[in-house]
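J.: Sharing a structure below in structure tokens format, with a few things to ask.
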Amino acid sequence: MASDKELNAQAEDFLNAMAPRPVPPASRKKHTGIIEEEKPITNDEDAFLNRYILNRSNSICDKPSRQVLINNDLHLRLQRYVSKVSGGRGALSNFLNNILTEFIQTHEDVMSKTFARYNNEKF
């Protein structure tokens with residue numbers, strides 16, 4: 001019969017074999033030391049920036065009190081985008097309010113019909 005010491009060593013080997021292996025970090029773009037020149041903003045990009053990010057016409061107030069939960073990865077990507085392209089002048093809430101307002105205006109007919117079907121009132 002195996003001794004306690006041998007059983008403990010076998011159990012430890014088994015547990016070590018079952019332990020998850022560390023995942024290597026995601027590869028990152030290597031910094032070459034060369035500073036890339038910023039490309040000038042085109043008219044399309046400028047129009048997009050002014051229409052969706054800097055436009056405060058749909059904002060309720062500077063610091064809205066209502067919260068909506070969105071996917072964390074989506075939030076981080078959008079927040080990084082808005083802060084970079086607006087130079088800190090735009091807010092994620094402005095961007096989302098403007099996108100959602102345009103979406104509702106674009107699809108208002110379909111939304112009104114489906115809303116009326118289920119609720120018998122105007123959307």
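Identifiers in this document derive from the order of the structure tokens: chains are assigned A, B, ..., residues are numbered from 1 separately in each chain, and ligands are numbered from 1 in order of occurrence.
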Might you pull out every residue within 12 Å of Arg80 (chain A), with only C-alpha atoms counted and same-chain residues fewer than 6 positions away left off, and present them as a list in words?
T.: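 Returned residues: Asp73, Leu74, Ser86, Gly87, Gly88, Gly90, Ala91 and Leu92 of chain A.
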J.: Could you please determine the separation between CA of Arg77 (chain A) and CA of Asn94 (chain A) in Å, to one decimal place?
T.: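 Going from CA of Arg77 (chain A) over to CA of Asn94 (chain A), I get 15.3 Å.
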J.: Between CA of Arg66 (chain A) and CA of Ser93 (chain A), measure the distance and give it in Å to one decimal.
T.: 10.6 Å
